[in-house]
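As stored in entry37.txt (compact mmCIF, C-alpha atoms and all ligand atoms):
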```
# COMPACT_ATOMS: atom_id res chain seq x y z
CA MET A 1336 -8.47 -19.49 14.79
CA THR A 1337 -6.40 -16.97 16.70
CA ALA A 1338 -7.00 -16.15 20.33
CA PRO A 1339 -8.34 -12.65 20.99
CA ASP A 1340 -5.71 -10.16 22.06
CA LEU A 1341 -5.61 -9.89 25.82
CA PRO A 1342 -5.60 -6.34 27.13
CA ASP A 1343 -2.30 -5.32 28.64
CA GLN A 1344 -2.05 -4.58 32.36
CA ALA A 1345 -2.14 -0.80 31.90
CA GLU A 1346 -5.46 -1.04 30.05
CA VAL A 1347 -6.92 -3.22 32.80
CA ASP A 1348 -5.69 -0.82 35.50
CA ALA A 1349 -7.36 2.09 33.73
CA THR A 1350 -10.77 0.39 33.71
CA ILE A 1351 -10.99 -1.12 37.18
CA LYS A 1352 -10.06 -0.32 40.75
CA ILE A 1353 -9.47 -3.03 43.34
CA VAL A 1354 -10.50 -2.43 46.94
CA HIS A 1355 -9.71 -4.82 49.80
CA ASP A 1356 -12.48 -5.08 52.36
CA HIS A 1357 -11.45 -5.98 55.92
CA ALA A 1358 -14.93 -6.69 57.27
CA ASP A 1359 -16.28 -10.16 58.11
CA ARG A 1360 -19.16 -11.50 56.04
CA ILE A 1361 -21.91 -12.81 58.28
CA PHE A 1362 -24.32 -15.66 57.54
CA LEU A 1363 -27.40 -15.74 59.79
CA TRP A 1364 -29.44 -18.75 60.88
CA LYS A 1365 -32.15 -16.74 62.56
CA TYR A 1366 -34.84 -15.59 60.13
CA ASP A 1367 -37.33 -14.10 62.63
CA ARG A 1368 -38.60 -10.67 61.63
CA GLU A 1369 -37.82 -8.79 64.82
CA ARG A 1370 -37.33 -5.22 63.71
CA GLU A 1371 -40.74 -3.88 62.84
CA GLN A 1372 -39.64 -0.52 61.48
CA LEU A 1373 -37.13 -2.17 59.16
CA VAL A 1374 -39.84 -4.59 57.98
CA THR A 1375 -42.08 -1.59 57.18
CA LEU A 1376 -39.25 0.13 55.33
CA TYR A 1377 -38.45 -3.03 53.35
CA ASN A 1378 -42.09 -3.48 52.33
CA LYS A 1379 -42.18 0.16 51.29
CA ALA A 1380 -39.00 -0.28 49.25
CA MET A 1381 -40.47 -3.24 47.38
CA SER A 1382 -43.57 -1.31 46.34
CA SER A 1383 -41.57 1.81 45.44
CA GLN A 1384 -39.18 0.24 42.95
CA TRP A 1385 -39.48 2.09 39.63
CA ASN A 1386 -38.52 1.04 36.16
CA SER A 1387 -35.82 3.18 34.59
CA VAL A 1388 -36.73 2.10 31.06
CA THR A 1389 -40.52 2.47 31.08
CA GLU A 1390 -41.07 5.23 33.63
CA LEU A 1391 -38.63 7.81 32.25
CA ASP A 1392 -39.10 9.28 28.80
CA TRP A 1393 -35.69 8.87 27.20
CA SER A 1394 -36.94 10.30 23.88
CA THR A 1395 -36.96 13.78 25.49
CA GLU A 1396 -34.75 16.19 23.51
CA VAL A 1397 -32.19 17.86 25.74
CA ASP A 1398 -30.39 21.09 24.90
CA PRO A 1399 -27.30 21.19 27.16
CA GLU A 1400 -27.20 25.00 26.97
CA GLU A 1401 -30.64 25.13 28.57
CA LEU A 1402 -29.44 23.04 31.50
CA ILE A 1403 -26.77 25.28 32.83
CA ASP A 1404 -26.97 27.90 35.52
CA LYS A 1405 -24.83 30.91 34.62
CA ASN A 1406 -24.57 32.04 38.21
CA THR A 1407 -22.86 29.13 39.92
CA PRO A 1408 -19.87 30.23 42.04
CA LEU A 1409 -17.56 28.83 39.33
CA MET A 1410 -19.25 30.88 36.62
CA GLN A 1411 -19.19 34.06 38.71
CA LEU A 1412 -15.49 33.61 39.42
CA THR A 1413 -14.59 32.73 35.86
CA ARG A 1414 -16.38 35.79 34.54
CA ALA A 1415 -14.45 37.97 36.99
CA ALA A 1416 -11.15 36.17 36.31
CA ARG A 1417 -11.25 37.43 32.71
CA GLU A 1418 -10.49 40.94 34.00
CA VAL A 1419 -7.41 39.95 36.02
CA ASP A 1420 -4.08 41.22 34.58
CA GLY A 1421 -2.46 38.59 32.37
CA SER A 1422 -5.46 36.27 32.70
CA PRO A 1423 -5.40 33.28 30.33
CA LEU A 1424 -9.17 33.81 30.07
CA ALA A 1425 -8.89 37.44 28.88
CA ASN A 1426 -10.30 36.67 25.43
CA TRP A 1427 -13.17 34.52 26.70
CA GLY A 1428 -16.66 35.59 25.64
CA GLU A 1429 -20.14 34.22 26.36
CA LYS A 1430 -19.52 31.27 24.03
CA GLU A 1431 -16.61 30.00 26.13
CA LEU A 1432 -18.46 30.66 29.36
CA THR A 1433 -21.42 28.62 28.14
CA ALA A 1434 -19.10 25.79 27.10
CA LEU A 1435 -17.50 25.86 30.56
CA GLY A 1436 -20.94 25.76 32.16
CA ILE A 1437 -21.78 22.62 30.17
CA GLU A 1438 -18.49 20.94 31.08
CA SER A 1439 -18.99 21.80 34.73
CA PHE A 1440 -22.52 20.38 34.64
CA LYS A 1441 -21.21 17.15 33.08
CA ALA A 1442 -18.51 16.96 35.75
CA GLN A 1443 -21.14 17.25 38.46
CA LEU A 1444 -23.42 14.61 36.96
CA SER A 1445 -20.34 12.39 36.57
CA GLN A 1446 -19.68 12.64 40.31
CA PHE A 1447 -23.32 11.69 40.94
CA MET A 1448 -22.84 8.64 38.71
CA HIS A 1449 -19.60 7.51 40.39
CA GLY A 1450 -21.02 8.22 43.84
CA GLU A 1451 -24.05 6.05 43.02
CA GLN A 1452 -21.79 3.18 42.06
CA GLY A 1453 -20.03 3.64 45.41
CA ALA A 1454 -23.43 3.57 47.13
CA MET A 1455 -24.33 0.36 45.29
CA MET A 1456 -21.13 -1.29 46.53
CA THR A 1457 -21.54 0.04 50.06
CA ALA A 1458 -25.13 -1.23 50.23
CA ALA A 1459 -23.93 -4.62 48.98
CA LYS A 1460 -21.26 -4.61 51.70
CA ILE A 1461 -23.97 -3.98 54.29
CA VAL A 1462 -25.93 -6.97 52.94
CA GLU A 1463 -22.88 -9.11 53.65
CA THR A 1464 -21.75 -7.66 56.97
CA VAL A 1465 -24.77 -6.54 59.02
CA PRO A 1466 -25.79 -9.14 61.66
CA TRP A 1467 -29.60 -8.61 61.41
CA ILE A 1468 -31.77 -10.34 58.81
CA ASP A 1469 -34.18 -7.40 58.40
CA ALA A 1470 -31.25 -5.10 57.62
CA LYS A 1471 -29.82 -7.56 55.10
CA TYR A 1472 -33.18 -7.65 53.32
CA TYR A 1473 -33.48 -3.90 53.31
CA ALA A 1474 -29.90 -3.32 52.14
CA SER A 1475 -30.60 -5.69 49.23
CA THR A 1476 -33.38 -3.40 48.03
CA GLN A 1477 -31.05 -0.44 48.40
CA THR A 1478 -28.42 -2.20 46.30
CA MET A 1479 -31.00 -2.48 43.51
CA ASP A 1480 -32.00 1.17 43.96
CA GLU A 1481 -28.36 2.26 43.66
CA ALA A 1482 -27.86 0.13 40.55
CA ARG A 1483 -30.79 1.99 38.98
CA HIS A 1484 -29.38 5.35 40.06
CA THR A 1485 -25.94 4.59 38.64
CA GLU A 1486 -27.48 3.39 35.43
CA VAL A 1487 -29.79 6.40 34.90
CA PHE A 1488 -27.06 8.98 35.53
CA ALA A 1489 -24.74 7.07 33.17
CA LYS A 1490 -27.48 6.90 30.54
CA TYR A 1491 -28.34 10.58 30.86
CA LEU A 1492 -24.69 11.54 30.48
CA HIS A 1493 -24.08 9.17 27.62
CA THR A 1494 -27.23 9.86 25.58
CA LYS A 1495 -27.76 13.56 26.31
CA LEU A 1496 -24.45 15.18 27.23
CA GLY A 1497 -21.40 13.28 26.06
CA GLU A 1498 -18.29 11.91 27.68
CA ALA A 1499 -18.29 11.61 31.47
CA TYR A 1500 -15.53 12.85 33.77
CA PRO A 1501 -13.47 10.64 36.07
CA MET A 1502 -14.37 10.28 39.74
CA SER A 1503 -12.91 13.09 41.82
CA PRO A 1504 -9.99 11.82 43.93
CA PHE A 1505 -11.70 13.24 47.00
CA LEU A 1506 -14.95 11.28 46.49
CA GLU A 1507 -12.99 8.18 45.54
CA ALA A 1508 -10.92 8.30 48.75
CA GLN A 1509 -14.02 8.88 50.84
CA ILE A 1510 -15.93 5.89 49.47
CA THR A 1511 -12.90 3.59 49.31
CA ALA A 1512 -12.35 4.15 53.04
CA LEU A 1513 -15.92 2.95 53.74
CA LEU A 1514 -15.48 -0.15 51.61
CA GLU A 1515 -12.20 -1.08 53.33
CA ASP A 1516 -13.28 -0.58 56.93
CA SER A 1517 -13.57 -3.66 59.17
CA ARG A 1518 -16.50 -2.17 61.16
CA TRP A 1519 -19.86 -2.71 59.43
CA ASP A 1520 -21.48 0.35 60.97
CA ILE A 1521 -18.90 2.68 59.42
CA ALA A 1522 -20.26 1.82 55.96
CA TYR A 1523 -23.67 2.97 57.20
CA LEU A 1524 -22.37 6.07 58.97
CA GLY A 1525 -20.34 7.22 55.97
CA MET A 1526 -22.89 6.36 53.30
CA GLN A 1527 -26.44 6.48 54.71
CA ILE A 1528 -25.80 9.29 57.18
CA VAL A 1529 -23.14 11.52 55.56
CA ILE A 1530 -22.97 10.93 51.79
CA GLU A 1531 -26.68 10.33 51.24
CA SER A 1532 -27.57 13.51 53.16
CA LEU A 1533 -25.09 15.30 50.93
CA ALA A 1534 -26.63 13.66 47.86
CA LEU A 1535 -30.18 14.64 48.86
CA ALA A 1536 -29.03 18.25 49.23
CA ALA A 1537 -27.10 18.22 45.92
CA PHE A 1538 -29.95 16.59 43.96
CA GLY A 1539 -32.40 19.03 45.55
CA THR A 1540 -30.26 22.00 44.48
CA MET A 1541 -30.04 20.69 40.92
CA LEU A 1542 -33.78 20.04 40.85
CA ARG A 1543 -34.53 23.64 41.90
CA ASN A 1544 -32.26 24.94 39.14
CA THR A 1545 -33.48 22.93 36.17
CA GLU A 1546 -36.61 22.94 34.03
CA GLU A 1547 -35.58 20.00 31.86
CA PRO A 1548 -38.42 17.47 32.33
CA LEU A 1549 -36.45 14.22 31.99
CA LEU A 1550 -33.76 15.31 34.44
CA ARG A 1551 -36.40 16.65 36.82
CA LYS A 1552 -38.29 13.37 36.93
CA LEU A 1553 -35.08 11.37 37.21
CA LEU A 1554 -33.94 13.47 40.18
CA ARG A 1555 -37.33 13.29 41.91
CA TYR A 1556 -37.36 9.52 41.59
CA VAL A 1557 -33.78 9.12 42.77
CA MET A 1558 -34.50 11.39 45.75
CA SER A 1559 -37.52 9.37 46.77
CA ASP A 1560 -35.23 6.33 47.09
CA GLU A 1561 -32.47 8.27 48.85
CA ALA A 1562 -34.82 9.49 51.57
CA ARG A 1563 -35.57 5.85 52.46
CA HIS A 1564 -31.86 5.05 52.51
CA VAL A 1565 -31.18 7.79 55.04
CA ALA A 1566 -34.07 6.49 57.19
CA PHE A 1567 -32.54 2.99 57.01
CA GLY A 1568 -29.24 4.33 58.34
CA VAL A 1569 -30.89 6.21 61.20
CA LEU A 1570 -33.04 3.24 62.27
CA SER A 1571 -30.17 0.76 62.20
CA LEU A 1572 -27.49 2.84 63.84
CA ALA A 1573 -29.75 4.28 66.56
CA GLU A 1574 -30.24 0.71 67.78
CA TYR A 1575 -26.62 -0.34 67.42
CA TYR A 1576 -25.15 2.74 69.11
CA GLN A 1577 -27.43 2.41 72.13
CA ASP A 1578 -25.21 -0.26 73.66
CA MET A 1579 -21.86 0.90 72.36
CA SER A 1580 -19.06 1.93 74.77
CA GLU A 1581 -18.08 5.58 75.07
CA ALA A 1582 -14.64 4.80 73.63
CA GLU A 1583 -16.18 3.24 70.52
CA LEU A 1584 -18.67 6.09 70.19
CA LYS A 1585 -15.73 8.52 70.33
CA ASP A 1586 -14.34 6.88 67.17
CA ARG A 1587 -17.68 7.50 65.42
CA GLN A 1588 -17.71 11.12 66.60
CA GLU A 1589 -14.17 11.57 65.27
CA PHE A 1590 -15.29 10.06 61.98
CA LEU A 1591 -18.05 12.66 61.67
CA ILE A 1592 -15.72 15.54 62.49
CA GLU A 1593 -13.26 14.24 59.91
CA ASN A 1594 -16.00 13.91 57.29
CA THR A 1595 -17.68 17.25 57.83
CA LEU A 1596 -15.34 19.88 59.23
CA ARG A 1597 -11.95 18.76 58.00
CA GLN A 1598 -12.96 18.15 54.44
CA ARG A 1599 -14.00 20.25 51.54
CA LEU A 1600 -17.52 19.31 50.63
CA ARG A 1601 -16.89 19.68 46.95
CA SER A 1602 -13.64 19.41 45.14
CA THR A 1603 -12.75 21.00 41.86
CA THR A 1604 -12.36 18.97 38.70
CA PRO A 1605 -9.18 20.13 36.89
CA GLU A 1606 -10.19 18.11 33.82
CA ILE A 1607 -12.89 20.72 33.07
CA TRP A 1608 -10.16 23.24 32.21
CA GLU A 1609 -8.21 20.69 30.21
CA ARG A 1610 -11.26 19.97 28.07
CA MET A 1611 -11.66 23.72 27.54
CA GLY A 1612 -8.12 23.74 26.14
CA THR A 1613 -6.76 25.71 29.11
CA ASP A 1614 -4.04 24.72 31.57
CA PRO A 1615 -5.68 24.50 35.03
CA GLU A 1616 -2.42 25.60 36.71
CA ALA A 1617 -2.46 28.78 34.62
CA VAL A 1618 -6.13 29.52 35.40
CA TYR A 1619 -6.09 29.02 39.18
CA PRO A 1620 -4.06 32.18 40.03
CA ALA A 1621 -6.50 34.33 38.03
CA ILE A 1622 -9.46 32.64 39.72
CA MET A 1623 -7.88 33.13 43.16
CA GLU A 1624 -7.27 36.78 42.45
CA ALA A 1625 -10.85 37.20 41.24
CA ALA A 1626 -12.09 35.48 44.39
CA GLY A 1627 -10.35 38.15 46.47
CA LYS A 1628 -12.00 40.95 44.50
CA ILE A 1629 -15.63 40.03 44.06
CA LYS A 1630 -18.32 38.84 46.39
CA VAL A 1631 -19.32 35.39 45.25
CA TYR A 1632 -22.84 34.30 45.99
CA PRO A 1633 -22.43 30.65 46.91
CA TYR A 1634 -25.04 27.96 46.86
CA ALA A 1635 -25.85 28.69 50.48
CA GLY A 1636 -28.93 26.52 49.98
CA PHE A 1637 -26.81 23.49 49.24
CA GLN A 1638 -24.61 23.68 52.36
CA ARG A 1639 -27.56 24.47 54.57
CA GLY A 1640 -29.58 21.68 52.97
CA PHE A 1641 -26.82 19.21 53.78
CA PHE A 1642 -26.42 20.15 57.45
CA ALA A 1643 -30.19 20.45 57.91
CA LYS A 1644 -30.39 16.75 57.07
CA LEU A 1645 -27.19 15.56 58.70
CA VAL A 1646 -27.25 17.17 62.14
CA PRO A 1647 -30.76 16.06 63.27
CA ASN A 1648 -30.00 12.49 62.22
CA VAL A 1649 -26.70 12.43 64.09
CA ARG A 1650 -28.56 13.69 67.16
CA LYS A 1651 -30.99 10.76 66.85
CA LEU A 1652 -28.01 8.38 66.89
CA GLY A 1653 -26.94 9.82 70.25
CA LEU A 1654 -23.63 10.93 68.78
CA LEU A 1655 -23.95 14.64 69.59
CA ASP A 1656 -23.99 14.05 73.33
CA ALA A 1657 -21.87 10.93 73.90
CA ASN A 1658 -18.53 11.53 75.63
CA ASP A 1659 -19.80 14.64 77.45
CA GLY A 1660 -20.99 16.29 74.28
CA TYR A 1661 -17.71 15.94 72.39
CA LEU A 1662 -19.30 16.29 68.95
CA ARG A 1663 -21.78 18.92 70.18
CA ARG A 1664 -18.80 21.07 71.20
CA HIS A 1665 -17.02 20.72 67.85
CA TRP A 1666 -20.07 21.25 65.68
CA GLY A 1667 -21.23 24.04 67.99
CA GLU A 1668 -18.00 25.95 67.39
CA ALA A 1669 -18.56 25.54 63.65
CA GLY A 1670 -22.10 26.95 63.97
CA LEU A 1671 -23.81 23.70 62.99
CA LEU A 1672 -26.08 23.30 66.01
CA GLU A 1673 -28.61 25.70 64.56
CA PHE A 1674 -29.60 22.69 62.44
CA GLU A 1675 -30.11 20.33 65.37
CA PHE A 1676 -33.89 20.23 64.94
CA ALA A 1677 -34.09 21.12 61.22
CA ASP A 1678 -35.31 18.51 58.70
CA ASP A 1679 -36.59 15.12 59.75
CA THR A 1680 -35.22 12.91 57.00
CA GLY A 1681 -34.80 10.10 59.54
CA SER A 1682 -38.51 9.37 59.23
CA ASP A 1683 -40.18 11.61 56.65
CA TYR A 1684 -39.26 9.57 53.60
CA GLU A 1685 -42.94 9.48 52.61
CA THR A 1686 -42.83 13.20 51.78
CA TYR A 1687 -40.13 12.57 49.18
CA ASP A 1688 -42.13 9.81 47.54
CA ALA A 1689 -42.54 11.19 44.02
CA VAL A 1690 -43.03 7.67 42.65
CA ALA A 1691 -46.12 6.96 44.76
CA ALA A 1692 -47.45 10.48 44.08
CA ASP A 1693 -47.14 10.03 40.30
CA ARG A 1694 -48.75 6.60 40.40
CA ALA A 1695 -51.66 7.89 42.51
CA ALA A 1696 -52.15 10.78 40.08
CA ALA A 1697 -52.14 8.38 37.11
CA THR A 1698 -54.71 6.14 38.78
CA ALA A 1699 -56.93 9.14 39.59
CA ALA A 1700 -56.67 10.39 36.00
CA ALA A 1701 -57.66 6.97 34.64
CA SER A 1702 -60.78 6.64 36.78
FE FE B 1801 -28.52 6.55 45.14
FE FE B 1802 -28.88 5.89 48.22
```
Using structure tokens, write down the structure from this file.
Amino acid sequence: MTAPDLPDQAEVDATIKIVHDHADRIFLWKYDREREQLVTLYNKAMSSQWNSVTELDWSTEVDPEELIDKNTPLMQLTRAAREVDGSPLANWGEKELTALGIESFKAQLSQFMHGEQGAMMTAAKIVETVPWIDAKYYASTQTMDEARHTEVFAKYLHTKLGEAYPMSPFLEAQITALLEDSRWDIAYLGMQIVIESLALAAFGTMLRNTEEPLLRKLLRYVMSDEARHVAFGVLSLAEYYQDMSEAELKDRQEFLIENTLRQRLRSTTPEIWERMGTDPEAVYPAIMEAAGKIKVYPYAGFQRGFFAKLVPNVRKLGLLDANDGYLRRHWGEAGLLEFEFADDTGSDYETYDAVAADRAAATAAAS
């Protein structure tokens, strides 16, 4: 019998990524349930777990062409870039535009999938590092939620759309930094407060723009979990930051400035152009020129949706006003304070609860 061929190092490197975490793992000997709101949230999480195999109808036929929105900023720009002198897209017609729309949709769902895996690992890190038993219990339920999210996005891509795209370097760097950090609260601040607010806004935008029933239900169910995750972050960090020194709070304020103002919220995926058989470097100048000529109608709803969730939660953590309003000043200059009292995702997770709503409706229909 011959031994199976071992994969060479390059093959291994292409399929995994190693991250070194610098945080301490903490074992607790005190099992008292002291944090009532976290106990409530944990109990809610247990009863809201849904089954990705039996509660979603995977036999639904999906036509990728029906999924796409022909008026995304990318589509508007690409259409206009065809007219630019010497454009490599000059001979593109509706067929190519539709194909681009499908690739772009796949790229976006791929980022959701990779981001969910990052959330699963971040939640698992919180299980290991947070020094409160109620938070460890809750983060364990979140880890399971994120496993389900990763799995359903992967399954949707694989069974309905085709090959996924790699994780964008920007998202990868953002999540890797959270997994490496020695401070346990930074995992929360980066994931539950920033990325999950972003995810709720992105899923909400996709939900508003699609009629496809399987994807709609999947997104509603994922969002009902995400709303709890954001609430978990707000509850935990509001307590922890109460007793933190101004110098330490300044680091957290800097982190938020870094992760909101100094970053691009979405990064482009050059692989989309490669799959379309076009060199991204050749396309970008035409796109840039088109961007200077036409008025692009952006997804204003997406950006606003993100800040409407983020800013009120950061206020609840006391981070707007610490250090003489350091963050308030920065976000104020960027026009973000109009969102200070917008959505209340820190506590209104019940309103996102599509799972409970569907189950109640099914019970009512049966009786
Ligand atoms: Fe998730
Ligand atoms: Fe989440």
Exercise. Which neighbours of A:Val1374 fall inside 12 Å, counting only C-alpha atoms, when residues of the same chain fewer than 2 positions from it are skipped, and could you give them as a PyMOL selection string?
Worked result: chain A and resi 1367-1372+1376-1381+1467-1474+1476+1567+1570-1571
For this session: Measuring atom to atom with only C-alpha atoms, identify which of A:Val1465, A:Ala1458, A:Ala1425, A:Leu1671 is nearest to A:Arg1518.
Result: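 Ranked by minimum distance to A:Arg1518, first place goes to A:Val1465.
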Problem set entry | Cut-off 6 Å, all atoms listed in the file, neighbours of ligand FE 1801 (chain B) as a list of chain:residue names |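 Going residue by residue within 6 Å of ligand FE 1801 (chain B), we get A:Glu1451, A:Glu1481, A:His1484, A:Glu1561.
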Take the selection from the previous step and output its residues with C-alpha atoms, as a compact mmCIF listing (two decimals), keeping the file's coordinate frame.
```txt
# COMPACT_ATOMS: atom_id res chain seq x y z
CA GLU A 1451 -24.05 6.05 43.02
CA GLU A 1481 -28.36 2.26 43.66
CA HIS A 1484 -29.38 5.35 40.06
CA GLU A 1561 -32.47 8.27 48.85
```
Could the residues that lie within 9 Å of ligand FE 1802 (chain B), counting only C-alpha atoms and all ligand atoms, be listed as a PDB file with C-alpha atoms, in the frame of the given file?
```
ATOM      1  CA  GLU A1451     -24.050   6.050  43.020  1.00  0.00           C
ATOM      2  CA  ALA A1454     -23.430   3.570  47.130  1.00  0.00           C
ATOM      3  CA  MET A1455     -24.330   0.360  45.290  1.00  0.00           C
ATOM      4  CA  ALA A1458     -25.130  -1.230  50.230  1.00  0.00           C
ATOM      5  CA  GLN A1477     -31.050  -0.440  48.400  1.00  0.00           C
ATOM      6  CA  THR A1478     -28.420  -2.200  46.300  1.00  0.00           C
ATOM      7  CA  ASP A1480     -32.000   1.170  43.960  1.00  0.00           C
ATOM      8  CA  GLU A1481     -28.360   2.260  43.660  1.00  0.00           C
ATOM      9  CA  HIS A1484     -29.380   5.350  40.060  1.00  0.00           C
ATOM     10  CA  MET A1526     -22.890   6.360  53.300  1.00  0.00           C
ATOM     11  CA  GLN A1527     -26.440   6.480  54.710  1.00  0.00           C
ATOM     12  CA  ILE A1530     -22.970  10.930  51.790  1.00  0.00           C
ATOM     13  CA  GLU A1531     -26.680  10.330  51.240  1.00  0.00           C
ATOM     14  CA  ALA A1534     -26.630  13.660  47.860  1.00  0.00           C
ATOM     15  CA  LEU A1535     -30.180  14.640  48.860  1.00  0.00           C
ATOM     16  CA  VAL A1557     -33.780   9.120  42.770  1.00  0.00           C
ATOM     17  CA  MET A1558     -34.500  11.390  45.750  1.00  0.00           C
ATOM     18  CA  ASP A1560     -35.230   6.330  47.090  1.00  0.00           C
ATOM     19  CA  GLU A1561     -32.470   8.270  48.850  1.00  0.00           C
ATOM     20  CA  ALA A1562     -34.820   9.490  51.570  1.00  0.00           C
ATOM     21  CA  ARG A1563     -35.570   5.850  52.460  1.00  0.00           C
ATOM     22  CA  HIS A1564     -31.860   5.050  52.510  1.00  0.00           C
ATOM     23  CA  VAL A1565     -31.180   7.790  55.040  1.00  0.00           C
TER      24      VAL A1565
END
```
For this session: In the coordinates of the file, take the point (-18.0, 5.7, 73.5) and a cut-off of 12 Å; then, counting only C-alpha atoms, name each qualifying protein, DNA or RNA residue as a ChimeraX atom specification.
Result: /A:1576-1589,1653-1662
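Summary of the local environment: counting only C-alpha atoms, residues at most 9 Å from A:Ala1442, other than itself and those fewer than 3 positions away along its chain, are Ile1437, Glu1438, Ser1439, Ser1445, Gln1446, Phe1447, Ala1499, Tyr1500, Pro1501, Met1502, Thr1604, Glu1606 and Ile1607 of chain A.
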Problem set entry | 8 Å contact set for A:Val1354, all atoms listed in the file, chain neighbours under 2 positions out, as a PyMOL selection string | chain A and resi 1352+1356+1511+1514-1515
Seminar exercise, completed: The distance between atom CA of A:Trp1666 and atom CA of A:Thr1595 is 9.1 Å
Exercise. Got a sec: who's within 9 Å of A:Ala1416, counting all atoms listed in the file, leaving out chain neighbours fewer than 5 positions off, as a PyMOL selection string?
Worked result: chain A and resi 1411+1422-1425+1618+1620-1626
Seminar exercise, completed: Taken to one decimal, the atom CA of A:Ser1503-atom CA of A:Ile1629 distance is 27.2 Å
For this session: Kindly give the distance, in Å, that separates atom CA of A:Gly1421 and atom CA of A:Gly1612, rounded to a single decimal.
Result: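 It comes out at 17.1 Å.
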Reconstruct N, CA, C and O atoms of stretch 1428-1440 of chain A from the incomplete input and present them as a CSV table (one decimal), in the frame of the given file.
```
chain,number,residue,atom,x,y,z
A,1428,GLY,N,-15.4,34.9,25.8
A,1428,GLY,CA,-16.7,35.6,25.6
A,1428,GLY,C,-17.7,34.7,26.2
A,1428,GLY,O,-17.5,33.6,26.8
A,1429,GLU,N,-19.0,35.0,25.9
A,1429,GLU,CA,-20.1,34.2,26.4
A,1429,GLU,C,-20.1,32.8,25.8
A,1429,GLU,O,-20.5,31.9,26.5
A,1430,LYS,N,-19.6,32.6,24.6
A,1430,LYS,CA,-19.5,31.3,24.0
A,1430,LYS,C,-18.7,30.3,24.9
A,1430,LYS,O,-19.1,29.2,25.2
A,1431,GLU,N,-17.5,30.8,25.3
A,1431,GLU,CA,-16.6,30.0,26.1
A,1431,GLU,C,-17.2,29.8,27.5
A,1431,GLU,O,-17.1,28.7,28.1
A,1432,LEU,N,-17.8,30.8,28.0
A,1432,LEU,CA,-18.5,30.7,29.4
A,1432,LEU,C,-19.6,29.6,29.3
A,1432,LEU,O,-19.7,28.8,30.2
A,1433,THR,N,-20.4,29.6,28.3
A,1433,THR,CA,-21.4,28.6,28.1
A,1433,THR,C,-20.8,27.2,28.0
A,1433,THR,O,-21.3,26.3,28.7
A,1434,ALA,N,-19.7,27.1,27.2
A,1434,ALA,CA,-19.1,25.8,27.1
A,1434,ALA,C,-18.6,25.3,28.5
A,1434,ALA,O,-18.7,24.1,28.8
A,1435,LEU,N,-18.0,26.2,29.2
A,1435,LEU,CA,-17.5,25.9,30.6
A,1435,LEU,C,-18.7,25.4,31.5
A,1435,LEU,O,-18.5,24.4,32.2
A,1436,GLY,N,-19.8,26.1,31.4
A,1436,GLY,CA,-20.9,25.8,32.2
A,1436,GLY,C,-21.4,24.3,31.8
A,1436,GLY,O,-21.7,23.6,32.7
A,1437,ILE,N,-21.4,24.0,30.6
A,1437,ILE,CA,-21.8,22.6,30.2
A,1437,ILE,C,-20.8,21.6,30.7
A,1437,ILE,O,-21.2,20.5,31.3
A,1438,GLU,N,-19.5,21.9,30.6
A,1438,GLU,CA,-18.5,20.9,31.1
A,1438,GLU,C,-18.6,20.8,32.6
A,1438,GLU,O,-18.5,19.7,33.1
A,1439,SER,N,-18.9,21.9,33.3
A,1439,SER,CA,-19.0,21.8,34.7
A,1439,SER,C,-20.2,21.0,35.1
A,1439,SER,O,-20.2,20.2,36.1
A,1440,PHE,N,-21.3,21.1,34.4
A,1440,PHE,CA,-22.5,20.4,34.6
A,1440,PHE,C,-22.3,18.9,34.4
A,1440,PHE,O,-22.7,18.0,35.2
```
